Every structure is written in C-alpha cells, then in structure tokens.
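What follows is a set of notes on a single structure, which appears directly below.
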2 protein chains.
Amino acid sequence: MVTKGNVFDPNCPTRVILDRIGDKWTVLAVLLLRDGPLRFTELRDGIGRVAPKVLTQTLRRMERDGLITREVFAEIPPRVVYTLTPLGTSLIAPISVLSDWAENHLPAITTAQTRYDAAV
Amino acid sequence: MVTKGNVFDPNCPTRVILDRIGDKWTVLAVLLLRDGPLRFTELRDGIGRVAPKVLTQTLRRMERDGLITREVFAEIPPRVVYTLTPLGTSLIAPISVLSDWAENHLPAITTAQTRYDAAV
DNA sequence: CGGGATCCCTGGCGATACTG
DNA sequence: CAGTATCGCCAGGGATCCCG
C-alpha cells in the first residue's frame with residue numbers, strides 16, 4: 001500500500017503533509033497542544049526561540065489546514081486560545097511513529113556519520 | 001512514549017529526522033530505492049525535476065546518515081549504484097504511516113482549507 | 001497580550017555549462 | 001555517465017518596533 005505512487009506528484013497529499021511536517025514549528029505546536037489548549041504566549045515560550053511573526057504564520061496555516069482552532073476573547077488584555085482539533089490530534093500518532101524511529105535509530109545514524117566523516 | 005520531551009531541543013533525534021523528512025527529495029529517494037538499487041540517472045528520472053547538484057547533495061547526506069550505500073564501478077562510462085541499507089529500509093514503515101495518514105485525511109484538510117478561505 | 005508591519009538574510013533549490 | 005563548478009532566485013525564518 002504505502003504510497004499509491006503519486007508521491008512524485010508535487011500535489012500529492014503526502015507531499016503536502018511532508019511540507020508541514022518539515023517546517024520548523026508545526027510538529028512542536030501539535031505536541032505542545034497535545035495536553036490541552038494553549039495561549040499564544042504559552043506556545044511561544046514552550047517552543048523557545050520563535051519570532052512572533054513566524055509563529056503566527058505557522059498557527060494560521062495549521063488553522064487553515066483544520067489542525068487547530070483559534071478562539072479570540074474580546075477582553076483586555078486580549079486572550080487567544082489555540083486548541084487541537086480531532087484532525088490535529090490524529091496527527092500525533094504518525095508523529096509518534098516517526099519520533100520513535102528517530103530515537104531507536106539515532107545511535108546507528110550517529111555511528112554512520114562518524115564513520116563517513118572519518119573516511120574523508 | 002511518543003517523545004521524551006526533548007523534541008524541543010534542536011539537537012533532538014526527532015528534529016534531525018524531521019529535517020531529513022522535510023527536505024524535498026530524501027523521502028522520494030527512499031521510496032524509489034525500495035524496489036532495488038538504482039543508478040544516479042534512474043533516481044534522477046524517477047524523481048523528476050531535480051538539479052544534479054541537489055540530487056548529489058541529497059544522496060551524499062543519505063549516505064552519510066547510513067540510509068544508503070554508494071558503489072562506484074570503475075568503468076567507461078562510469079556507473080554508480082545506490083542501495084538502501086537496512087537502516088534506510090526501516091525508514092519506509094514510518095514514511096508509510098505518514099503517507100497513509102495523509103491520504104486518509106486529505107479530504108478533511110481540503111475541506112478545512114476551502115472553508116477557511118471562504119471565511120476570509 | 002497578540003500579533004501586524006517592516007527589514008534583512010541565509011540556504012535550499014534550480015539551471016546551465018563543463019569534465020574525468 | 002556521474003557528477004562538479006558557478007551563478008542566481010526567493011521563500012522561510014529571524015529581529016525589531018509598534019499598535020489596538
């Protein structure tokens with residue numbers, strides 16, 4: 001099954017997801033929101049070094065993709081809460097698989113890199 | 001399990017893998033090599049529109065990471081064969097999970113995008 | 001507080017030409 | 001054939017300031 005072979009089409013769904021997964025902050029945001037809704041600043045602090053512009057871009061795109069919802073409270077000071085949708089939540093599983101693979105094979109990768117570098 | 005929480009460290013294994021997965025050609029190369037070793041040109045043609053410089057970069061990095069092996073035959077004309085290592089092969093499963101997720105949820109994403117765009 | 005506006009800059013990627 | 005060499009674009013990301 002895997003891919004229907006259309007992965008090589010830039011418009012292939014897999015490619016689209018890969019683009020999202022590949023960008024720097026989407027995965028982090030999903031993981032942070034995993035334990036419940038968060039405010040802008042909480043996401044910002046949780047992620048670390050992110051320019052607000054960039055975080056906004058990421059969150060907007062995630063909202064557009066239906067991964068999160070954005071709730072604005074007309075208060076002073078303003079409050080905005082981001083929540084993972086069921087769709088967004090369902091992304092955690094695939095990410096976990098990837099994460100597990102990474103952790104399990106990191107030693108092998110490191111070893112390979114070291115050997116490769118030494119051979120040069 | 002999922003992540004040990006260190007995903008937020010840029011040096012985290014998951015981040016490293018995400019970088020690889022996120023780049024444009026690594027996943028495609030893995031998928032192509034899935035059915036057996038291939039030559040440079042075969043990979044090039046299989047992927048589509050790739051500058052040779054970029055493909056070389058990708059393959060070198062994959063070789064360094066231990067995902068593929070590179071065999072050079074001292075012939076004329078030269079022949080170079082790329083083969084998936086067991087490590088590289090083991091990456092197919094996680095990719096498949098991602099791919100499956102993408103295909104299963106594409107309609108939901110598309111719908112979300114359409115609705116979002118309409119709301120603007 | 002949650003961003004929008006603005007400026008900048010790096011590097012990933014592309015195209016083309018050339019060589020062992 | 002399998003790259004290397006060179007040049008160049010531009011989008012993603014960063015930093016800073018400001019505003020409702």
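Labels used: A, B, ... for chains in the order of the structure tokens, numbers from 1 for residues in each chain, and numbers from 1 for ligands as shown.
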
Identify all chain B residues at most 9 Å from chain A by counting only C-alpha atoms; ligands do not count. Present them as a PyMOL selection string. chain B and resi 1-3+7-8+12-24+28+31+46-48+63-67+87+90-103+105-106+108-117

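Near chain A, within 10 Å and counting only C-alpha atoms (C1' of nucleotides), the residues of chain C are DC1, DG2, DG3, DG4 and DA5 of chain C.
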
Same residues, C-alpha atoms (C1' of nucleotides), output as a PDB file, in the first residue's frame:
ATOM      1  C1'  DC C   1      -1.428  40.361  25.139  1.00  0.00           C
ATOM      2  C1'  DG C   2      -1.449  39.048  20.481  1.00  0.00           C
ATOM      3  C1'  DG C   3       0.039  39.912  16.703  1.00  0.00           C
ATOM      4  C1'  DG C   4       0.717  43.162  12.188  1.00  0.00           C
ATOM      5  C1'  DA C   5       4.399  45.803   9.607  1.00  0.00           C
TER       6       DA C   5
END

Distance limit 8 Å, atoms considered: only C-alpha atoms (C1' of nucleotides). Which chain D residues sit that close to chain A? Return them as a VMD selection string. chain D and resid 13 to 15

Any chance you could fit chain A onto chain B with least squares, all Cα atoms in order, and share the moved copy as a short mmCIF file (atom, residue, chain, number, x, y, z; two decimals) with N, CA and C atoms, in the first residue's frame?
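So result-v2.cif came out as:
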data_model
loop_
_atom_site.label_atom_id
_atom_site.label_comp_id
_atom_site.auth_asym_id
_atom_site.auth_seq_id
_atom_site.Cartn_x
_atom_site.Cartn_y
_atom_site.Cartn_z
N MET A 1 4.55 7.60 25.66
CA MET A 1 5.94 7.52 25.20
C MET A 1 6.22 8.66 24.21
N VAL A 2 5.82 8.41 23.01
CA VAL A 2 5.95 9.44 21.98
C VAL A 2 7.33 10.09 22.02
N THR A 3 7.36 11.30 22.53
CA THR A 3 8.65 11.95 22.61
C THR A 3 9.04 12.07 24.06
N LYS A 4 10.31 12.05 24.30
CA LYS A 4 10.75 12.15 25.68
C LYS A 4 10.77 13.59 26.12
N GLY A 5 10.13 14.43 25.32
CA GLY A 5 10.03 15.82 25.70
C GLY A 5 11.21 16.64 25.24
N ASN A 6 12.19 15.97 24.68
CA ASN A 6 13.39 16.69 24.25
C ASN A 6 13.28 17.15 22.79
N VAL A 7 12.12 16.93 22.23
CA VAL A 7 11.92 17.33 20.83
C VAL A 7 12.17 18.81 20.66
N PHE A 8 12.10 19.50 21.75
CA PHE A 8 12.24 20.94 21.70
C PHE A 8 13.69 21.37 21.70
N ASP A 9 14.54 20.40 21.91
CA ASP A 9 15.96 20.65 21.74
C ASP A 9 16.30 20.44 20.26
N PRO A 10 16.87 21.46 19.64
CA PRO A 10 17.20 21.37 18.21
C PRO A 10 18.08 20.17 17.88
N ASN A 11 18.79 19.66 18.86
CA ASN A 11 19.66 18.52 18.62
C ASN A 11 18.96 17.19 18.86
N CYS A 12 17.70 17.26 19.20
CA CYS A 12 16.92 16.06 19.44
C CYS A 12 16.87 15.20 18.19
N PRO A 13 16.98 13.89 18.37
CA PRO A 13 16.95 12.97 17.23
C PRO A 13 15.75 13.18 16.33
N THR A 14 14.62 13.41 16.96
CA THR A 14 13.40 13.62 16.17
C THR A 14 13.54 14.82 15.25
N ARG A 15 14.13 15.87 15.77
CA ARG A 15 14.34 17.05 14.95
C ARG A 15 15.21 16.76 13.74
N VAL A 16 16.24 15.99 13.99
CA VAL A 16 17.16 15.64 12.92
C VAL A 16 16.43 14.89 11.81
N ILE A 17 15.64 13.91 12.21
CA ILE A 17 14.89 13.13 11.24
C ILE A 17 13.88 14.01 10.52
N LEU A 18 13.24 14.86 11.27
CA LEU A 18 12.27 15.78 10.69
C LEU A 18 12.92 16.63 9.60
N ASP A 19 14.15 17.03 9.86
CA ASP A 19 14.85 17.81 8.85
C ASP A 19 15.03 17.01 7.56
N ARG A 20 15.37 15.76 7.72
CA ARG A 20 15.57 14.89 6.56
C ARG A 20 14.27 14.65 5.83
N ILE A 21 13.26 14.29 6.60
CA ILE A 21 11.94 14.02 6.03
C ILE A 21 11.41 15.27 5.35
N GLY A 22 11.74 16.39 5.96
CA GLY A 22 11.22 17.63 5.45
C GLY A 22 11.86 18.09 4.16
N ASP A 23 13.07 17.69 3.91
CA ASP A 23 13.68 18.17 2.68
C ASP A 23 13.03 17.52 1.48
N LYS A 24 13.25 18.10 0.36
CA LYS A 24 12.40 17.81 -0.78
C LYS A 24 12.57 16.42 -1.39
N TRP A 25 13.74 15.83 -1.33
CA TRP A 25 13.97 14.63 -2.12
C TRP A 25 14.28 13.35 -1.36
N THR A 26 14.66 13.44 -0.11
CA THR A 26 15.07 12.24 0.63
C THR A 26 14.00 11.15 0.63
N VAL A 27 12.80 11.53 0.96
CA VAL A 27 11.72 10.55 1.02
C VAL A 27 11.48 9.90 -0.34
N LEU A 28 11.51 10.72 -1.37
CA LEU A 28 11.32 10.19 -2.72
C LEU A 28 12.39 9.17 -3.06
N ALA A 29 13.62 9.49 -2.70
CA ALA A 29 14.73 8.59 -2.99
C ALA A 29 14.54 7.26 -2.26
N VAL A 30 14.17 7.33 -1.00
CA VAL A 30 13.93 6.11 -0.23
C VAL A 30 12.87 5.26 -0.89
N LEU A 31 11.80 5.91 -1.30
CA LEU A 31 10.69 5.18 -1.92
C LEU A 31 11.10 4.55 -3.25
N LEU A 32 11.91 5.27 -4.00
CA LEU A 32 12.36 4.75 -5.29
C LEU A 32 13.28 3.55 -5.10
N LEU A 33 14.16 3.66 -4.11
CA LEU A 33 15.15 2.60 -3.88
C LEU A 33 14.53 1.38 -3.21
N ARG A 34 13.30 1.52 -2.85
CA ARG A 34 12.60 0.46 -2.14
C ARG A 34 12.57 -0.86 -2.93
N ASP A 35 12.47 -0.74 -4.22
CA ASP A 35 12.34 -1.94 -5.05
C ASP A 35 13.67 -2.42 -5.61
N GLY A 36 14.75 -1.89 -5.08
CA GLY A 36 16.04 -2.34 -5.55
C GLY A 36 16.98 -1.18 -5.85
N PRO A 37 18.26 -1.50 -6.00
CA PRO A 37 19.29 -0.50 -6.27
C PRO A 37 19.01 0.27 -7.55
N LEU A 38 19.47 1.50 -7.58
CA LEU A 38 19.28 2.33 -8.77
C LEU A 38 20.54 3.14 -9.05
N ARG A 39 20.67 3.51 -10.30
CA ARG A 39 21.78 4.35 -10.70
C ARG A 39 21.38 5.82 -10.56
N PHE A 40 22.37 6.67 -10.62
CA PHE A 40 22.13 8.11 -10.47
C PHE A 40 21.03 8.60 -11.41
N THR A 41 21.18 8.27 -12.65
CA THR A 41 20.24 8.74 -13.66
C THR A 41 18.83 8.19 -13.44
N GLU A 42 18.77 6.97 -12.99
CA GLU A 42 17.47 6.36 -12.74
C GLU A 42 16.75 7.09 -11.61
N LEU A 43 17.50 7.45 -10.58
CA LEU A 43 16.93 8.22 -9.49
C LEU A 43 16.48 9.59 -10.01
N ARG A 44 17.34 10.17 -10.79
CA ARG A 44 17.07 11.49 -11.34
C ARG A 44 15.77 11.47 -12.14
N ASP A 45 15.65 10.50 -13.03
CA ASP A 45 14.46 10.41 -13.86
C ASP A 45 13.23 10.07 -13.02
N GLY A 46 13.43 9.21 -12.04
CA GLY A 46 12.31 8.80 -11.21
C GLY A 46 11.74 9.95 -10.41
N ILE A 47 12.61 10.80 -9.94
CA ILE A 47 12.16 11.92 -9.11
C ILE A 47 11.52 13.01 -9.94
N GLY A 48 12.12 13.26 -11.09
CA GLY A 48 11.53 14.28 -11.95
C GLY A 48 12.46 15.45 -12.13
N ARG A 49 12.01 16.58 -11.70
CA ARG A 49 12.75 17.81 -11.91
C ARG A 49 13.72 18.09 -10.77
N VAL A 50 14.92 17.58 -10.88
CA VAL A 50 15.94 17.81 -9.86
C VAL A 50 17.25 18.19 -10.50
N ALA A 51 17.83 19.24 -9.99
CA ALA A 51 19.17 19.60 -10.46
C ALA A 51 20.14 18.56 -9.94
N PRO A 52 21.07 18.14 -10.79
CA PRO A 52 22.04 17.11 -10.39
C PRO A 52 22.78 17.48 -9.11
N LYS A 53 23.08 18.74 -8.97
CA LYS A 53 23.78 19.18 -7.77
C LYS A 53 22.97 18.83 -6.53
N VAL A 54 21.72 19.15 -6.59
CA VAL A 54 20.83 18.93 -5.45
C VAL A 54 20.65 17.44 -5.16
N LEU A 55 20.50 16.66 -6.21
CA LEU A 55 20.34 15.23 -6.01
C LEU A 55 21.59 14.65 -5.35
N THR A 56 22.73 15.11 -5.83
CA THR A 56 23.99 14.66 -5.23
C THR A 56 24.05 15.02 -3.75
N GLN A 57 23.69 16.23 -3.45
CA GLN A 57 23.66 16.66 -2.04
C GLN A 57 22.81 15.70 -1.20
N THR A 58 21.62 15.46 -1.71
CA THR A 58 20.70 14.59 -1.00
C THR A 58 21.28 13.20 -0.78
N LEU A 59 21.80 12.64 -1.86
CA LEU A 59 22.34 11.28 -1.78
C LEU A 59 23.55 11.21 -0.86
N ARG A 60 24.37 12.23 -0.90
CA ARG A 60 25.53 12.25 -0.02
C ARG A 60 25.12 12.27 1.44
N ARG A 61 24.15 13.09 1.72
CA ARG A 61 23.68 13.19 3.10
C ARG A 61 23.05 11.88 3.55
N MET A 62 22.32 11.27 2.65
CA MET A 62 21.71 9.98 2.98
C MET A 62 22.78 8.92 3.21
N GLU A 63 23.83 9.00 2.41
CA GLU A 63 24.93 8.05 2.57
C GLU A 63 25.59 8.29 3.93
N ARG A 64 25.80 9.54 4.24
CA ARG A 64 26.42 9.89 5.52
C ARG A 64 25.58 9.41 6.70
N ASP A 65 24.27 9.51 6.54
CA ASP A 65 23.37 9.09 7.61
C ASP A 65 23.24 7.57 7.68
N GLY A 66 23.83 6.90 6.69
CA GLY A 66 23.78 5.43 6.71
C GLY A 66 22.49 4.87 6.13
N LEU A 67 21.78 5.69 5.38
CA LEU A 67 20.51 5.23 4.80
C LEU A 67 20.73 4.48 3.49
N ILE A 68 21.77 4.87 2.79
CA ILE A 68 22.08 4.20 1.52
C ILE A 68 23.58 3.94 1.41
N THR A 69 23.93 3.05 0.49
CA THR A 69 25.35 2.85 0.17
C THR A 69 25.56 3.30 -1.27
N ARG A 70 26.78 3.69 -1.54
CA ARG A 70 27.12 4.19 -2.87
C ARG A 70 28.27 3.37 -3.42
N GLU A 71 28.00 2.70 -4.53
CA GLU A 71 29.02 1.85 -5.14
C GLU A 71 29.45 2.43 -6.48
N VAL A 72 30.72 2.64 -6.61
CA VAL A 72 31.24 3.18 -7.87
C VAL A 72 31.95 2.09 -8.64
N PHE A 73 31.59 1.93 -9.91
CA PHE A 73 32.24 0.96 -10.76
C PHE A 73 33.16 1.70 -11.73
N ALA A 74 34.43 1.33 -11.69
CA ALA A 74 35.42 2.00 -12.54
C ALA A 74 35.31 1.50 -13.96
N GLU A 75 34.26 1.91 -14.61
CA GLU A 75 34.05 1.50 -15.99
C GLU A 75 33.99 2.74 -16.87
N ILE A 76 33.87 2.48 -18.15
CA ILE A 76 33.65 3.59 -19.06
C ILE A 76 32.52 3.22 -20.00
N PRO A 77 31.39 3.95 -19.91
CA PRO A 77 31.16 5.09 -19.02
C PRO A 77 30.99 4.65 -17.56
N PRO A 78 31.24 5.56 -16.65
CA PRO A 78 31.16 5.26 -15.22
C PRO A 78 29.76 4.82 -14.82
N ARG A 79 29.72 4.04 -13.74
CA ARG A 79 28.42 3.59 -13.25
C ARG A 79 28.43 3.68 -11.74
N VAL A 80 27.40 4.27 -11.20
CA VAL A 80 27.28 4.39 -9.74
C VAL A 80 25.92 3.85 -9.31
N VAL A 81 25.95 2.99 -8.33
CA VAL A 81 24.71 2.36 -7.89
C VAL A 81 24.42 2.68 -6.43
N TYR A 82 23.21 3.12 -6.18
CA TYR A 82 22.79 3.43 -4.82
C TYR A 82 21.85 2.34 -4.30
N THR A 83 22.12 1.92 -3.09
CA THR A 83 21.32 0.85 -2.51
C THR A 83 20.86 1.22 -1.11
N LEU A 84 19.64 0.88 -0.82
CA LEU A 84 19.11 1.13 0.52
C LEU A 84 19.77 0.18 1.53
N THR A 85 20.23 0.74 2.64
CA THR A 85 20.75 -0.10 3.71
C THR A 85 19.57 -0.59 4.55
N PRO A 86 19.81 -1.55 5.44
CA PRO A 86 18.74 -1.96 6.36
C PRO A 86 18.17 -0.77 7.12
N LEU A 87 19.05 0.13 7.52
CA LEU A 87 18.60 1.33 8.23
C LEU A 87 17.66 2.15 7.35
N GLY A 88 18.07 2.33 6.12
CA GLY A 88 17.24 3.06 5.19
C GLY A 88 15.92 2.37 4.95
N THR A 89 15.99 1.06 4.83
CA THR A 89 14.77 0.27 4.60
C THR A 89 13.79 0.42 5.76
N SER A 90 14.35 0.49 6.96
CA SER A 90 13.49 0.59 8.14
C SER A 90 12.75 1.92 8.19
N LEU A 91 13.19 2.86 7.38
CA LEU A 91 12.53 4.16 7.35
C LEU A 91 11.22 4.11 6.57
N ILE A 92 11.10 3.10 5.74
CA ILE A 92 9.92 2.99 4.89
C ILE A 92 8.63 2.89 5.72
N ALA A 93 8.70 2.13 6.79
CA ALA A 93 7.52 1.95 7.63
C ALA A 93 6.98 3.28 8.17
N PRO A 94 7.81 4.06 8.87
CA PRO A 94 7.34 5.35 9.36
C PRO A 94 6.80 6.23 8.24
N ILE A 95 7.47 6.23 7.13
CA ILE A 95 7.03 7.04 6.00
C ILE A 95 5.65 6.58 5.53
N SER A 96 5.47 5.28 5.52
CA SER A 96 4.19 4.73 5.09
C SER A 96 3.06 5.19 5.99
N VAL A 97 3.35 5.20 7.29
CA VAL A 97 2.35 5.65 8.25
C VAL A 97 1.93 7.08 7.95
N LEU A 98 2.92 7.89 7.71
CA LEU A 98 2.67 9.29 7.39
C LEU A 98 1.87 9.40 6.10
N SER A 99 2.30 8.63 5.13
CA SER A 99 1.65 8.64 3.83
C SER A 99 0.18 8.22 3.94
N ASP A 100 -0.04 7.17 4.70
CA ASP A 100 -1.41 6.69 4.89
C ASP A 100 -2.26 7.76 5.56
N TRP A 101 -1.70 8.37 6.57
CA TRP A 101 -2.43 9.43 7.26
C TRP A 101 -2.82 10.52 6.28
N ALA A 102 -1.84 10.90 5.46
CA ALA A 102 -2.07 11.97 4.49
C ALA A 102 -3.21 11.62 3.54
N GLU A 103 -3.16 10.42 3.02
CA GLU A 103 -4.18 10.03 2.05
C GLU A 103 -5.56 9.92 2.69
N ASN A 104 -5.57 9.43 3.93
CA ASN A 104 -6.85 9.27 4.62
C ASN A 104 -7.48 10.59 5.02
N HIS A 105 -6.64 11.58 5.30
CA HIS A 105 -7.18 12.83 5.83
C HIS A 105 -7.15 13.97 4.84
N LEU A 106 -6.71 13.69 3.64
CA LEU A 106 -6.65 14.75 2.65
C LEU A 106 -7.99 15.44 2.46
N PRO A 107 -9.09 14.68 2.33
CA PRO A 107 -10.39 15.33 2.14
C PRO A 107 -10.70 16.31 3.27
N ALA A 108 -10.43 15.88 4.49
CA ALA A 108 -10.70 16.75 5.64
C ALA A 108 -9.88 18.03 5.55
N ILE A 109 -8.63 17.89 5.17
CA ILE A 109 -7.76 19.05 5.06
C ILE A 109 -8.24 19.99 3.97
N THR A 110 -8.55 19.43 2.84
CA THR A 110 -9.03 20.23 1.72
C THR A 110 -10.30 20.98 2.09
N THR A 111 -11.19 20.28 2.73
CA THR A 111 -12.43 20.90 3.17
C THR A 111 -12.15 22.07 4.11
N ALA A 112 -11.28 21.83 5.07
CA ALA A 112 -10.94 22.86 6.04
C ALA A 112 -10.35 24.08 5.33
N GLN A 113 -9.49 23.84 4.39
CA GLN A 113 -8.85 24.94 3.67
C GLN A 113 -9.89 25.75 2.90
N THR A 114 -10.78 25.05 2.23
CA THR A 114 -11.81 25.72 1.45
C THR A 114 -12.67 26.59 2.33
N ARG A 115 -13.07 26.03 3.47
CA ARG A 115 -13.92 26.77 4.37
C ARG A 115 -13.20 27.98 4.93
N TYR A 116 -11.94 27.77 5.29
CA TYR A 116 -11.13 28.87 5.83
C TYR A 116 -11.01 30.00 4.83
N ASP A 117 -10.70 29.63 3.59
CA ASP A 117 -10.53 30.64 2.56
C ASP A 117 -11.83 31.39 2.28
N ALA A 118 -12.92 30.65 2.36
CA ALA A 118 -14.21 31.27 2.10
C ALA A 118 -14.55 32.27 3.21
N ALA A 119 -14.12 31.98 4.42
CA ALA A 119 -14.42 32.82 5.57
C ALA A 119 -13.60 34.11 5.57
N VAL A 120 -12.76 34.25 4.58
CA VAL A 120 -11.94 35.46 4.50
C VAL A 120 -12.38 36.31 3.31
#

Give me, as a count of residues only, the residues of chain B that a backbone DSSP run labels strand (DSSP E or B). 14

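Note that C1' of DC7 in chain C and C1' of DA11 in chain D are 15.0 Å apart.
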
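Rounded to one decimal, C1' of DC8 in chain C and C1' of DT6 in chain D lie 24.8 Å from each other.
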
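Taking C1' of DT6 in chain C and C1' of DC18 in chain D as endpoints, the distance between them is 10.4 Å.
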
To test your reading of the structure, identify every residue in range 36-82 of chain A that backbone DSSP assigns to helix (DSSP H, G or I), and report it as a PDB file with C-alpha atoms, in the first residue's frame.
ATOM      1  CA  PHE A  40      -0.153  32.378  22.047  1.00  0.00           C
ATOM      2  CA  THR A  41       2.457  33.211  24.627  1.00  0.00           C
ATOM      3  CA  GLU A  42       2.391  29.757  26.125  1.00  0.00           C
ATOM      4  CA  LEU A  43       3.106  28.260  22.719  1.00  0.00           C
ATOM      5  CA  ARG A  44       5.795  30.823  22.165  1.00  0.00           C
ATOM      6  CA  ASP A  45       7.507  30.042  25.448  1.00  0.00           C
ATOM      7  CA  GLY A  46       7.067  26.325  25.000  1.00  0.00           C
ATOM      8  CA  ILE A  47       8.713  26.300  21.618  1.00  0.00           C
ATOM      9  CA  PRO A  52       6.101  36.063  16.723  1.00  0.00           C
ATOM     10  CA  LYS A  53       5.624  36.602  13.021  1.00  0.00           C
ATOM     11  CA  VAL A  54       6.750  33.098  12.256  1.00  0.00           C
ATOM     12  CA  LEU A  55       4.677  31.528  14.994  1.00  0.00           C
ATOM     13  CA  THR A  56       1.641  33.352  13.701  1.00  0.00           C
ATOM     14  CA  GLN A  57       2.321  32.094  10.203  1.00  0.00           C
ATOM     15  CA  THR A  58       2.571  28.560  11.475  1.00  0.00           C
ATOM     16  CA  LEU A  59      -0.582  28.758  13.548  1.00  0.00           C
ATOM     17  CA  ARG A  60      -2.537  30.345  10.733  1.00  0.00           C
ATOM     18  CA  ARG A  61      -1.544  27.626   8.346  1.00  0.00           C
ATOM     19  CA  MET A  62      -2.428  24.981  10.884  1.00  0.00           C
ATOM     20  CA  GLU A  63      -5.778  26.630  11.406  1.00  0.00           C
ATOM     21  CA  ARG A  64      -6.343  26.708   7.668  1.00  0.00           C
TER      22      ARG A  64
END
